[in-house]
file run29.txt (compact mmCIF, C-alpha atoms)
# COMPACT_ATOMS: atom_id res chain seq x y z
CA MET J 18 182.58 139.97 86.71
CA ARG J 19 181.15 141.17 90.02
CA ASP J 20 178.06 139.91 91.81
CA ARG J 21 176.48 143.34 91.43
CA GLU J 22 176.79 143.09 87.65
CA ILE J 23 175.13 139.68 87.66
CA ASP J 24 172.39 141.14 89.87
CA GLU J 25 171.87 143.88 87.30
CA ILE J 26 171.68 141.42 84.39
CA LEU J 27 169.16 139.31 86.32
CA ARG J 28 167.17 142.43 87.19
CA GLN J 29 167.05 143.51 83.54
CA ALA J 30 166.10 140.02 82.39
CA ALA J 31 163.32 139.91 84.97
CA GLN J 32 161.99 143.33 84.00
CA VAL J 33 160.36 141.93 80.89
CA PRO J 34 156.65 141.89 81.82
CA HIS J 35 155.29 138.43 82.33
CA ASP J 36 151.58 138.24 81.79
CA VAL J 37 149.17 135.37 82.10
CA GLY J 38 146.20 135.17 79.80
CA PRO J 39 143.10 136.79 81.37
CA ALA J 40 141.00 133.85 80.19
CA LEU J 41 143.20 131.49 82.20
CA LEU J 42 142.93 133.68 85.30
CA ASP J 43 139.15 133.84 84.91
CA ARG J 44 139.01 130.07 84.53
CA ILE J 45 141.04 129.60 87.71
CA ALA J 46 138.92 132.11 89.63
CA GLY J 47 135.76 130.42 88.37
CA SER J 48 136.89 126.95 89.43
CA ILE J 49 137.85 128.21 92.88
CA GLY J 50 134.77 130.35 93.34
CA SER J 51 132.40 127.42 92.89
CA SER J 52 133.71 125.74 96.05
CA LEU J 53 134.71 128.73 98.14
CA ARG J 54 133.70 128.33 101.78
CA PRO J 55 135.24 129.62 105.01
CA VAL J 56 137.89 127.29 106.39
CA ARG J 57 139.39 126.93 109.85
CA PRO J 58 143.15 127.52 109.69
CA LEU J 59 145.55 125.06 111.31
CA PRO J 60 146.31 125.78 114.96
CA PRO J 61 149.64 127.39 115.85
CA GLY J 62 152.76 125.23 115.74
CA TRP J 63 153.15 125.04 119.53
CA VAL J 64 149.63 123.61 119.87
CA LEU J 65 150.36 120.90 117.30
CA ALA J 66 153.78 120.17 118.83
CA GLY J 67 152.22 119.96 122.30
CA GLY J 68 149.57 117.58 120.98
CA LEU J 69 152.17 115.32 119.38
CA ILE J 70 154.31 115.24 122.53
CA LEU J 71 151.26 114.43 124.65
CA ILE J 72 150.25 111.62 122.28
CA CYS J 73 153.72 110.05 122.41
CA ALA J 74 154.00 110.40 126.19
CA ALA J 75 150.54 108.90 126.69
CA VAL J 76 151.26 105.97 124.34
CA ALA J 77 154.62 105.27 126.04
CA LEU J 78 153.04 105.41 129.51
CA ALA J 79 150.10 103.23 128.44
CA GLY J 80 152.47 100.64 126.94
CA ALA J 81 154.70 100.60 130.00
CA SER J 82 151.77 100.39 132.40
CA ARG J 83 150.54 97.32 130.52
CA LEU J 84 153.98 95.63 130.63
CA GLY J 85 155.20 97.03 133.97
CA PHE J 86 157.47 99.93 134.97
CA TYR J 87 160.44 97.66 135.78
CA GLY J 88 163.00 99.69 133.86
CA ILE J 89 162.44 103.06 135.52
CA GLN J 90 162.22 101.39 138.93
CA LYS J 91 165.66 99.81 138.43
CA MET J 92 167.26 103.03 137.13
CA SER J 93 169.33 105.23 139.39
CA ALA J 94 168.39 108.89 139.77
CA TRP J 95 171.36 109.79 137.57
CA GLU J 96 170.20 107.43 134.82
CA ARG J 97 166.67 108.79 134.95
CA ALA J 98 167.97 112.35 134.88
CA LEU J 99 169.89 111.68 131.67
CA VAL J 100 167.74 109.21 129.74
CA PHE J 101 164.33 110.87 129.93
CA PRO J 102 165.40 114.48 129.28
CA ALA J 103 167.43 113.23 126.29
CA LEU J 104 164.37 111.42 124.96
CA GLY J 105 162.29 114.54 125.66
CA ILE J 106 164.62 116.70 123.55
CA VAL J 107 164.58 114.22 120.65
CA LEU J 108 160.78 114.00 120.97
CA TRP J 109 160.43 117.78 120.85
CA LEU J 110 162.70 118.01 117.79
CA ALA J 111 160.77 115.20 116.09
CA ALA J 112 157.46 116.98 116.79
CA ALA J 113 158.88 120.21 115.32
CA ALA J 114 160.12 118.27 112.27
CA CYS J 115 156.66 116.73 111.76
CA ILE J 116 155.05 120.17 111.78
CA GLY J 117 157.73 121.53 109.46
CA GLU J 118 156.92 118.76 107.00
CA MET J 119 153.14 119.05 107.21
CA VAL J 120 152.77 122.83 106.87
CA PRO J 121 153.88 124.31 103.51
CA GLY J 122 156.41 127.10 103.87
CA ALA J 123 157.05 126.36 107.55
CA ARG J 124 160.49 126.98 109.01
CA ARG J 125 162.52 123.81 108.90
CA ARG J 126 164.62 123.58 112.05
CA VAL J 127 165.99 120.17 111.24
CA SER J 128 165.56 117.82 108.30
CA PRO J 129 163.90 114.45 109.01
CA GLY J 130 166.95 112.53 107.76
CA PHE J 131 169.32 114.50 109.96
CA LEU J 132 166.98 114.17 112.91
CA LEU J 133 166.80 110.41 112.49
CA GLY J 134 170.59 110.02 112.23
CA ALA J 135 171.64 112.57 114.85
CA GLY J 136 168.79 111.63 117.22
CA SER J 137 169.72 107.94 117.11
CA LEU J 138 173.40 108.75 117.67
CA ALA J 139 172.60 111.07 120.57
CA VAL J 140 170.48 108.41 122.29
CA LEU J 141 173.21 105.85 121.60
CA ALA J 142 175.78 108.15 123.20
CA VAL J 143 173.63 108.60 126.33
CA PHE J 144 173.27 104.82 126.67
CA ALA J 145 177.01 104.33 126.10
CA ILE J 146 177.78 106.81 128.88
CA LEU J 147 175.35 105.28 131.37
CA PHE J 148 175.51 101.51 130.90
CA HIS J 149 178.72 99.53 131.34
CA ASP J 150 177.58 95.94 131.74
CA TYR J 151 178.95 94.36 128.57
CA ARG J 152 177.54 90.86 129.05
CA THR J 153 175.32 89.57 126.25
CA ASP J 154 172.98 87.06 127.93
CA HIS J 155 170.07 86.05 125.67
CA PHE J 156 171.21 88.82 123.38
CA VAL J 157 169.10 88.01 120.33
CA SER J 158 165.98 86.58 122.00
CA GLN J 159 165.63 89.42 124.53
CA GLY J 160 166.68 91.94 121.93
CA MET J 161 164.07 90.85 119.43
CA ALA J 162 161.41 90.93 122.15
CA CYS J 163 162.34 94.52 123.03
CA LEU J 164 162.55 95.64 119.39
CA THR J 165 159.15 94.10 118.65
CA ALA J 166 157.56 95.65 121.75
CA GLY J 167 159.03 99.05 120.91
CA LEU J 168 157.80 98.91 117.32
CA LEU J 169 154.35 97.67 118.34
CA ASN J 170 154.17 100.66 120.67
CA ALA J 171 155.28 102.98 117.88
CA ILE J 172 152.34 101.97 115.67
CA PRO J 173 149.56 103.59 117.78
CA ALA J 174 151.80 106.62 118.35
CA ALA J 175 152.24 106.99 114.57
CA LEU J 176 148.54 106.52 113.85
CA LEU J 177 147.44 109.06 116.48
CA SER J 178 150.10 111.55 115.35
CA TRP J 179 148.99 111.18 111.75
CA LEU J 180 145.41 111.73 112.89
CA LEU J 181 146.41 114.98 114.57
CA LEU J 182 148.35 116.11 111.49
CA ARG J 183 145.81 114.91 108.90
CA ARG J 184 144.69 118.46 108.04
CA GLY J 185 148.25 119.37 107.09
CA PHE J 186 149.71 119.05 103.62
CA ALA J 187 153.04 117.32 103.09
CA VAL J 188 154.97 118.97 100.28
CA ASN J 189 157.52 116.17 100.72
CA SER J 190 155.66 113.03 101.67
CA LEU J 191 158.86 111.00 102.14
CA GLY J 192 160.19 113.49 104.68
CA ALA J 193 156.83 113.69 106.43
CA GLY J 194 156.64 109.90 106.71
CA MET J 195 160.16 109.74 108.09
CA ALA J 196 159.47 112.50 110.62
CA VAL J 197 156.29 110.86 111.90
CA GLY J 198 158.03 107.46 111.97
CA THR J 199 160.89 108.92 114.00
CA LEU J 200 158.47 110.58 116.41
CA ALA J 201 156.62 107.30 116.90
CA GLY J 202 159.95 105.51 117.30
CA VAL J 203 160.83 107.83 120.19
CA ALA J 204 157.52 106.88 121.83
CA GLY J 205 158.42 103.20 121.42
CA LEU J 206 161.90 103.80 122.81
CA ALA J 207 160.53 105.73 125.79
CA MET J 208 158.21 102.83 126.57
CA LEU J 209 161.19 100.44 126.54
CA GLU J 210 163.14 102.67 128.93
CA LEU J 211 160.18 102.71 131.29
CA HIS J 212 159.65 98.97 131.04
CA CYS J 213 162.83 97.01 130.23
CA PRO J 214 165.02 96.14 133.26
CA ASN J 215 167.82 94.69 131.09
CA PHE J 216 170.60 97.27 131.36
CA GLN J 217 173.26 95.32 129.49
CA ALA J 218 175.00 97.97 127.41
CA LEU J 219 174.89 96.20 124.07
CA HIS J 220 171.25 95.22 124.53
CA VAL J 221 170.17 98.80 125.23
CA MET J 222 172.45 100.35 122.64
CA LEU J 223 171.45 98.04 119.81
CA TRP J 224 167.92 96.79 120.36
CA HIS J 225 166.39 99.76 122.16
CA THR J 226 167.99 102.41 119.96
CA ALA J 227 167.07 100.45 116.82
CA VAL J 228 163.38 101.20 117.41
CA MET J 229 163.94 104.78 116.26
CA PRO J 230 165.69 104.19 112.90
CA VAL J 231 163.51 101.19 112.06
CA SER J 232 160.35 103.17 112.78
CA GLY J 233 161.64 106.21 110.87
CA ALA J 234 162.58 104.08 107.87
CA ALA J 235 159.21 102.31 107.99
CA GLY J 236 157.44 105.69 108.00
CA ALA J 237 159.45 106.84 104.97
CA LEU J 238 158.78 103.59 103.10
CA LEU J 239 155.05 103.73 103.82
CA ALA J 240 154.91 107.36 102.65
CA ARG J 241 156.84 106.47 99.52
CA GLY J 242 154.46 103.64 98.79
CA ALA J 243 151.45 105.88 99.30
CA ARG J 244 152.84 108.61 97.01
CA MET S 19 158.57 143.08 97.33
CA ASN S 20 156.81 145.87 99.22
CA ALA S 21 153.57 145.40 97.27
CA ASP S 22 153.20 142.05 99.00
CA SER S 23 152.56 143.57 102.42
CA ASP S 24 148.79 143.11 102.12
CA LEU S 25 149.06 139.45 101.10
CA PRO S 26 148.51 138.12 104.65
CA MET S 27 145.31 140.14 104.87
CA LEU S 28 144.12 138.83 101.49
CA MET S 29 144.94 135.27 102.61
CA ALA S 30 142.94 135.72 105.80
CA ARG S 31 139.96 136.97 103.78
CA TYR S 32 140.38 134.11 101.29
CA GLN S 33 140.30 131.64 104.19
CA GLY S 34 137.14 133.39 105.36
CA GLY S 35 135.47 132.66 102.01
CA ASP S 36 135.85 136.09 100.38
CA PHE S 37 135.75 135.61 96.60
CA ALA S 38 137.11 139.11 95.89
CA ALA S 39 140.20 138.32 97.99
CA ALA S 40 140.66 135.00 96.17
CA THR S 41 140.44 136.76 92.81
CA ALA S 42 142.86 139.46 93.95
CA LEU S 43 145.37 136.81 95.02
CA ILE S 44 145.00 134.97 91.73
CA HIS S 45 145.64 138.13 89.72
CA ARG S 46 148.47 139.26 91.95
CA LEU S 47 150.42 136.03 92.26
CA SER S 48 149.70 134.12 89.05
CA PRO S 49 152.23 136.00 86.88
CA GLN S 50 155.11 135.27 89.23
CA LEU S 51 154.07 131.65 89.76
CA HIS S 52 153.75 131.26 85.99
CA ARG S 53 157.23 132.73 85.53
CA PHE S 54 158.50 130.33 88.20
CA PHE S 55 157.32 127.43 86.03
CA ILE S 56 158.61 128.99 82.80
CA VAL S 57 162.06 129.50 84.32
CA GLN S 58 162.06 125.82 85.26
CA LEU S 59 162.08 125.14 81.51
CA ALA S 60 158.36 124.52 81.14
CA SER S 61 156.72 125.52 77.88
CA ARG S 62 154.02 128.20 78.08
CA GLY S 63 151.19 125.69 77.70
CA HIS S 64 152.78 123.42 80.26
CA ALA S 65 153.20 126.37 82.63
CA ASP S 66 149.50 127.20 82.17
CA ASP S 67 148.60 123.65 83.23
CA LEU S 68 150.94 123.76 86.21
CA LEU S 69 149.51 127.12 87.27
CA GLN S 70 145.94 125.81 87.18
CA GLU S 71 146.94 122.71 89.09
CA THR S 72 148.78 124.83 91.65
CA TRP S 73 145.76 127.04 92.31
CA LEU S 74 143.49 124.04 92.70
CA ARG S 75 145.90 122.59 95.26
CA ILE S 76 146.25 125.95 96.98
CA HIS S 77 142.47 126.04 97.23
CA GLN S 78 142.32 122.55 98.72
CA VAL S 79 144.93 123.25 101.37
CA ARG S 80 144.27 126.95 102.03
CA HIS S 81 143.58 126.15 105.70
CA THR S 82 147.28 125.21 106.14
CA TYR S 83 148.29 128.86 105.87
CA ARG S 84 148.63 130.25 109.39
CA ALA S 85 148.18 133.94 110.13
CA GLY S 86 151.46 135.70 110.89
CA GLU S 87 153.54 133.39 108.71
CA PRO S 88 155.07 134.71 105.48
CA VAL S 89 152.74 134.20 102.53
CA LEU S 90 155.09 133.81 99.57
CA PRO S 91 156.99 130.78 100.93
CA TRP S 92 153.64 129.06 101.47
CA PHE S 93 152.62 129.65 97.83
CA TYR S 94 156.01 128.71 96.44
CA ALA S 95 156.26 125.56 98.55
CA ILE S 96 153.00 124.35 97.00
CA ALA S 97 153.99 125.45 93.48
CA ARG S 98 157.28 123.66 93.90
CA HIS S 99 155.50 120.52 95.06
CA ILE S 100 153.27 120.59 91.98
CA ARG S 101 156.28 121.06 89.70
CA VAL S 102 158.27 118.25 91.33
CA ASP S 103 155.24 115.97 91.28
CA HIS S 104 154.64 116.74 87.64
CA TYR S 105 158.30 116.20 86.79
CA ARG S 106 158.20 112.84 88.56
CA LYS S 107 155.13 111.78 86.60
CA ALA S 108 156.71 112.99 83.38
CA ARG S 109 159.84 111.00 84.12
CA ARG S 110 157.76 107.94 84.72
CA ALA S 111 156.15 108.50 81.35
CA ALA S 112 159.63 108.52 79.78
CA ALA S 113 159.35 112.15 78.74
CA ARG S 114 162.82 112.80 80.09
CA GLU S 115 164.33 113.03 76.62
CA GLU S 116 162.29 116.16 75.88
CA SER S 117 163.73 118.17 78.76
CA LEU S 118 167.25 117.06 77.92
CA GLU S 119 166.81 118.24 74.37
CA GLU S 120 165.50 121.56 75.52
CA ILE S 121 168.68 122.72 77.26
CA PRO S 122 171.07 122.76 74.29
CA GLU S 123 168.38 124.43 72.25
CA VAL S 124 168.16 127.29 74.75
CA ALA S 125 171.95 127.53 74.96
CA ALA S 126 172.13 127.84 71.19
CA THR S 127 170.11 131.05 71.31
CA LEU S 128 172.93 132.74 73.19
CA PRO S 129 175.96 133.00 70.96
CA PRO S 130 179.13 134.12 72.76
CA GLY S 131 179.74 137.83 72.52
CA SER S 132 176.22 138.67 71.39
CA GLY S 133 176.26 141.49 73.98
CA ARG S 134 172.50 141.63 74.54
CA THR S 135 170.70 140.71 77.74
CA PRO S 136 169.49 137.14 77.51
CA ASP S 137 165.97 136.45 78.68
CA LEU S 138 165.58 135.00 82.14
CA LYS S 139 164.78 131.48 81.01
CA SER S 140 167.86 131.31 78.76
CA LEU S 141 170.04 132.88 81.40
CA LEU S 142 169.13 130.38 84.08
CA ALA S 143 168.76 127.34 81.81
CA PRO S 144 172.27 125.91 82.34
CA LEU S 145 171.90 125.93 86.11
CA PRO S 146 170.83 122.83 87.98
CA GLU S 147 167.15 122.87 88.95
CA SER S 148 167.80 123.50 92.65
CA GLN S 149 170.02 126.53 91.92
CA ARG S 150 167.64 127.86 89.28
CA GLU S 151 164.69 127.98 91.65
CA VAL S 152 166.77 129.62 94.37
CA ILE S 153 167.98 132.37 92.03
CA GLU S 154 164.48 132.88 90.66
CA MET S 155 162.96 133.35 94.12
CA LEU S 156 165.87 135.31 95.56
CA LYS S 157 166.84 137.63 92.74
CA VAL S 158 163.77 137.81 90.54
CA GLU S 159 160.92 137.69 93.04
CA GLY S 160 162.89 139.50 95.73
CA MET S 161 162.25 136.97 98.47
CA SER S 162 164.56 136.93 101.49
CA LEU S 163 166.96 134.08 102.26
CA GLU S 164 164.68 132.99 105.10
CA GLU S 165 161.63 132.96 102.80
CA VAL S 166 163.45 130.94 100.13
CA ALA S 167 164.62 128.50 102.79
CA ARG S 168 161.02 128.05 103.92
CA ALA S 169 159.74 127.62 100.36
CA THR S 170 162.37 125.02 99.50
CA SER S 171 162.25 123.20 102.86
CA SER S 172 165.92 123.81 103.44
CA SER S 173 168.19 125.88 105.64
CA VAL S 174 169.33 129.45 105.05
CA GLY S 175 172.90 128.13 104.78
CA SER S 176 171.90 125.73 102.03
CA VAL S 177 170.13 128.53 100.12
CA LYS S 178 173.24 130.73 100.40
CA GLN S 179 175.42 127.91 99.13
CA LYS S 180 173.17 127.26 96.14
CA ALA S 181 173.04 130.97 95.29
CA HIS S 182 176.82 131.19 95.54
CA ARG S 183 177.32 128.22 93.22
CA ALA S 184 174.74 129.59 90.80
CA TYR S 185 176.56 132.92 90.69
CA GLN S 186 179.85 131.15 89.95
CA GLU S 187 178.21 129.35 87.04
CA LEU S 188 176.50 132.52 85.80
CA ARG S 189 179.75 134.47 86.07
CA GLU S 190 181.58 131.97 83.86
CA ARG S 191 178.76 131.85 81.39
CA LEU S 192 178.23 135.60 81.13
CA THR S 193 181.94 136.26 80.86
CA GLY S 194 182.05 133.76 78.00
CA MET S 195 179.22 135.69 76.35
CA GLY S 196 181.17 138.93 76.44
CA PHE S 197 179.61 140.50 79.53
CA GLY S 198 181.90 141.89 82.18
CA THR S 199 183.03 144.96 84.08
CA GLY S 200 181.91 148.06 82.28
CA HIS S 201 179.54 146.22 79.96
CA THR S 202 176.44 146.29 82.14
CA GLY S 203 175.50 149.79 80.98
CA GLY S 204 175.07 148.50 77.45
CA LEU S 205 172.54 145.84 78.35
CA SER S 206 169.00 146.40 77.33

call {"tool": "encode", "arguments": {"input": "run29.txt", "output": "structure tokens"}}
result
Amino acid sequence: MRDREIDEILRQAAQVPHDVGPALLDRIAGSIGSSLRPVRPLPPGWVLAGGLILICAAVALAGASRLGFYGIQKMSAWERALVFPALGIVLWLAAAACIGEMVPGARRRVSPGFLLGAGSLAVLAVFAILFHDYRTDHFVSQGMACLTAGLLNAIPAALLSWLLLRRGFAVNSLGAGMAVGTLAGVAGLAMLELHCPNFQALHVMLWHTAVMPVSGAAGALLARGAR
Amino acid sequence: MNADSDLPMLMARYQGGDFAAATALIHRLSPQLHRFFIVQLASRGHADDLLQETWLRIHQVRHTYRAGEPVLPWFYAIARHIRVDHYRKARRAAAREESLEEIPEVAATLPPGSGRTPDLKSLLAPLPESQREVIEMLKVEGMSLEEVARATSSSVGSVKQKAHRAYQELRERLTGMGFGTGHTGGLS
């Protein structure tokens, strides 16, 4: 049996008129009409994405200015040229994913789960390429301090992003929570790169990168709880 | 669907508070949204409830439609959300047994070799939910792959894959029912 024949069967099956009771349609129109007022549509996607990127950049800079810009000062030009553009790309993708989740019928460039996994791996790969000091001095204590600082920085980024997106409507709240969590995690990670002068490879690869998946997972869990 | 070319204009007027545009949209789109719910194995009464709920939600979030974007994926994304949400609540209420019982009942109305065109609901009933909605939007409502991808929050590749798998399943099923090359002319 050919696809064209299946098409034809589907076409014939769909030809049967499908009517909805006029009373039901009147009832729907009546319920809508009673509260019909002009509304202001959401701004274009690039405006929302720009707003989200600005929020995350501002939160990362504010956090680093409070703790000190020791990390970026210690970085070589080569390290700066790789780390921050990589974070910028992940941030831009995360902002696009947030908009895709908060606007019904929007084009989905990347799913939040894929973004979280691939984004974390990409950042991990950049760190693995750049940092080759494999000592593990104060691995857990310094690591926990960095993870905590990164996550604490992600919280205001998440709240402000949610505020910007509050007029949207998440058709998949779990995905929206994960996308916003990932976006906020990138803000936390960017703050750590600006601030933390510990360039031991395992420290950066584990504790810094972990901010993103932990924040993304927290966002998904919170959204699931709120559903 | 060429008749849908004025939908963006109606949406813009609806967002501007035009009751006539809202009514026109309700009359234009309700039958296909209702069929969308029916094809997902809802009863007629249940589909009526889902339709009402969908329009109330559409009304609440009408500002999320952005001019220049395709209209149908926006409507279907919300309808799909309502259906999934309702299904989740129904599952929580342990109503799962009802939907499981419904499938064999539908299948029983299609004896092999009956030679007549099954209705859409029966035809699509054996497909998994994700494939059913893709076929309904793609082949029944005439939406493009891109529009279906937007409505289902997935990629065009994923939509193509689901449609392909659905066609494999439908091919097997229809062949088993006695449809095949040269038989399409006899369907009515």

call {"tool": "closest_residue", "arguments": {"input": "run29.txt", "among": "S:Leu141, S:Tyr94, S:Met161, S:Leu156", "to": "Arg189 in chain S", "atoms": "only C-alpha atoms"}}
result
S:Leu141

call {"tool": "interface_residues", "arguments": {"input": "run29.txt", "of": "chain J", "to": "chain S", "cutoff": "8 Å", "atoms": "all atoms listed in the file", "output": "ChimeraX atom specification"}}
result
/J:18-20,22-31,35-37,41-42,45-46,48-50,53-61,120-126,128,184-186,188-189

call {"tool": "closest_residue", "arguments": {"input": "run29.txt", "among": "J:Gly88, J:Gly160, J:Pro39, J:Pro102", "to": "His220 in chain J", "atoms": "all atoms listed in the file"}}
result
J:Gly160

call {"tool": "residues_around", "arguments": {"input": "run29.txt", "residues": "Ser178 in chain J", "least_positions_apart": "2", "cutoff": "8 Å", "atoms": "only C-alpha atoms", "output": "list in words"}}
result
Leu69, Ile72, Ala174, Ala175, Leu176, Leu180, Leu181, Leu182, Val197 and Ala201 of chain J

call {"tool": "atom_distance", "arguments": {"input": "run29.txt", "atom1": "CA of Phe131 in chain J", "atom2": "CA of Cys115 in chain J"}}
result
13.0 Å

call {"tool": "residues_around", "arguments": {"input": "run29.txt", "residues": "Leu145 in chain S", "least_positions_apart": "5", "cutoff": "9 Å", "atoms": "all atoms listed in the file", "output": "JSON, numbers by chain"}}
result
{"S": [150, 184, 187, 188]}

call {"tool": "atom_distance", "arguments": {"input": "run29.txt", "atom1": "CA of Phe144 in chain J", "atom2": "CA of Val221 in chain J"}}
result
6.9 Å

call {"tool": "atom_distance", "arguments": {"input": "run29.txt", "atom1": "CA of Gln32 in chain J", "atom2": "CA of Gln58 in chain S"}}
result
17.6 Å

call {"tool": "residues_around", "arguments": {"input": "run29.txt", "residues": "range 224-239 of chain J", "least_positions_apart": "2", "cutoff": "10 Å", "atoms": "only C-alpha atoms", "output": "ChimeraX atom specification"}}
result
/J:129-130,132-134,136-141,144,156-157,159-172,175,190-210,213,219-222,241-244

call {"tool": "build_atoms", "arguments": {"input": "run29.txt", "residues": "range 56-74 of chain S", "atoms": "N, CA and C atoms", "output": "mmCIF file, keeping the file's coordinate frame"}}
result
data_model
loop_
_atom_site.group_PDB
_atom_site.id
_atom_site.type_symbol
_atom_site.label_atom_id
_atom_site.label_comp_id
_atom_site.auth_asym_id
_atom_site.auth_seq_id
_atom_site.Cartn_x
_atom_site.Cartn_y
_atom_site.Cartn_z
ATOM 1 N N ILE S 56 157.935 128.745 84.080
ATOM 2 C CA ILE S 56 158.610 128.990 82.800
ATOM 3 C C ILE S 56 160.133 128.899 82.990
ATOM 4 N N VAL S 57 160.616 129.508 84.064
ATOM 5 C CA VAL S 57 162.060 129.500 84.320
ATOM 6 C C VAL S 57 162.561 128.076 84.562
ATOM 7 N N GLN S 58 161.664 127.220 85.058
ATOM 8 C CA GLN S 58 162.060 125.820 85.260
ATOM 9 C C GLN S 58 161.924 125.030 83.959
ATOM 10 N N LEU S 59 162.026 125.728 82.851
ATOM 11 C CA LEU S 59 162.080 125.140 81.510
ATOM 12 C C LEU S 59 160.756 124.538 81.035
ATOM 13 N N ALA S 60 159.663 124.984 81.632
ATOM 14 C CA ALA S 60 158.360 124.520 81.140
ATOM 15 C C ALA S 60 157.977 125.351 79.913
ATOM 16 N N SER S 61 157.242 124.744 78.998
ATOM 17 C CA SER S 61 156.720 125.520 77.880
ATOM 18 C C SER S 61 155.551 126.374 78.399
ATOM 19 N N ARG S 62 155.081 127.318 77.599
ATOM 20 C CA ARG S 62 154.020 128.200 78.080
ATOM 21 C C ARG S 62 152.724 127.411 78.387
ATOM 22 N N GLY S 63 152.402 126.493 77.486
ATOM 23 C CA GLY S 63 151.190 125.690 77.700
ATOM 24 C C GLY S 63 151.315 124.817 78.935
ATOM 25 N N HIS S 64 152.500 124.264 79.099
ATOM 26 C CA HIS S 64 152.780 123.420 80.260
ATOM 27 C C HIS S 64 152.697 124.258 81.537
ATOM 28 N N ALA S 65 153.248 125.469 81.472
ATOM 29 C CA ALA S 65 153.200 126.370 82.630
ATOM 30 C C ALA S 65 151.752 126.740 82.967
ATOM 31 N N ASP S 66 150.928 126.920 81.942
ATOM 32 C CA ASP S 66 149.500 127.200 82.170
ATOM 33 C C ASP S 66 148.852 126.054 82.967
ATOM 34 N N ASP S 67 149.157 124.821 82.533
ATOM 35 C CA ASP S 67 148.600 123.650 83.230
ATOM 36 C C ASP S 67 149.075 123.592 84.675
ATOM 37 N N LEU S 68 150.385 123.820 84.854
ATOM 38 C CA LEU S 68 150.940 123.760 86.210
ATOM 39 C C LEU S 68 150.329 124.854 87.095
ATOM 40 N N LEU S 69 150.102 126.016 86.500
ATOM 41 C CA LEU S 69 149.510 127.120 87.270
ATOM 42 C C LEU S 69 148.096 126.754 87.735
ATOM 43 N N GLN S 70 147.313 126.208 86.823
ATOM 44 C CA GLN S 70 145.940 125.810 87.180
ATOM 45 C C GLN S 70 145.959 124.766 88.293
ATOM 46 N N GLU S 71 146.843 123.787 88.102
ATOM 47 C CA GLU S 71 146.940 122.710 89.090
ATOM 48 C C GLU S 71 147.368 123.271 90.451
ATOM 49 N N THR S 72 148.291 124.225 90.407
ATOM 50 C CA THR S 72 148.780 124.830 91.650
ATOM 51 C C THR S 72 147.651 125.542 92.378
ATOM 52 N N TRP S 73 146.847 126.299 91.642
ATOM 53 C CA TRP S 73 145.760 127.040 92.310
ATOM 54 C C TRP S 73 144.700 126.095 92.875
ATOM 55 N N LEU S 74 144.454 125.001 92.160
ATOM 56 C CA LEU S 74 143.490 124.040 92.700
ATOM 57 C C LEU S 74 144.002 123.439 94.001
#
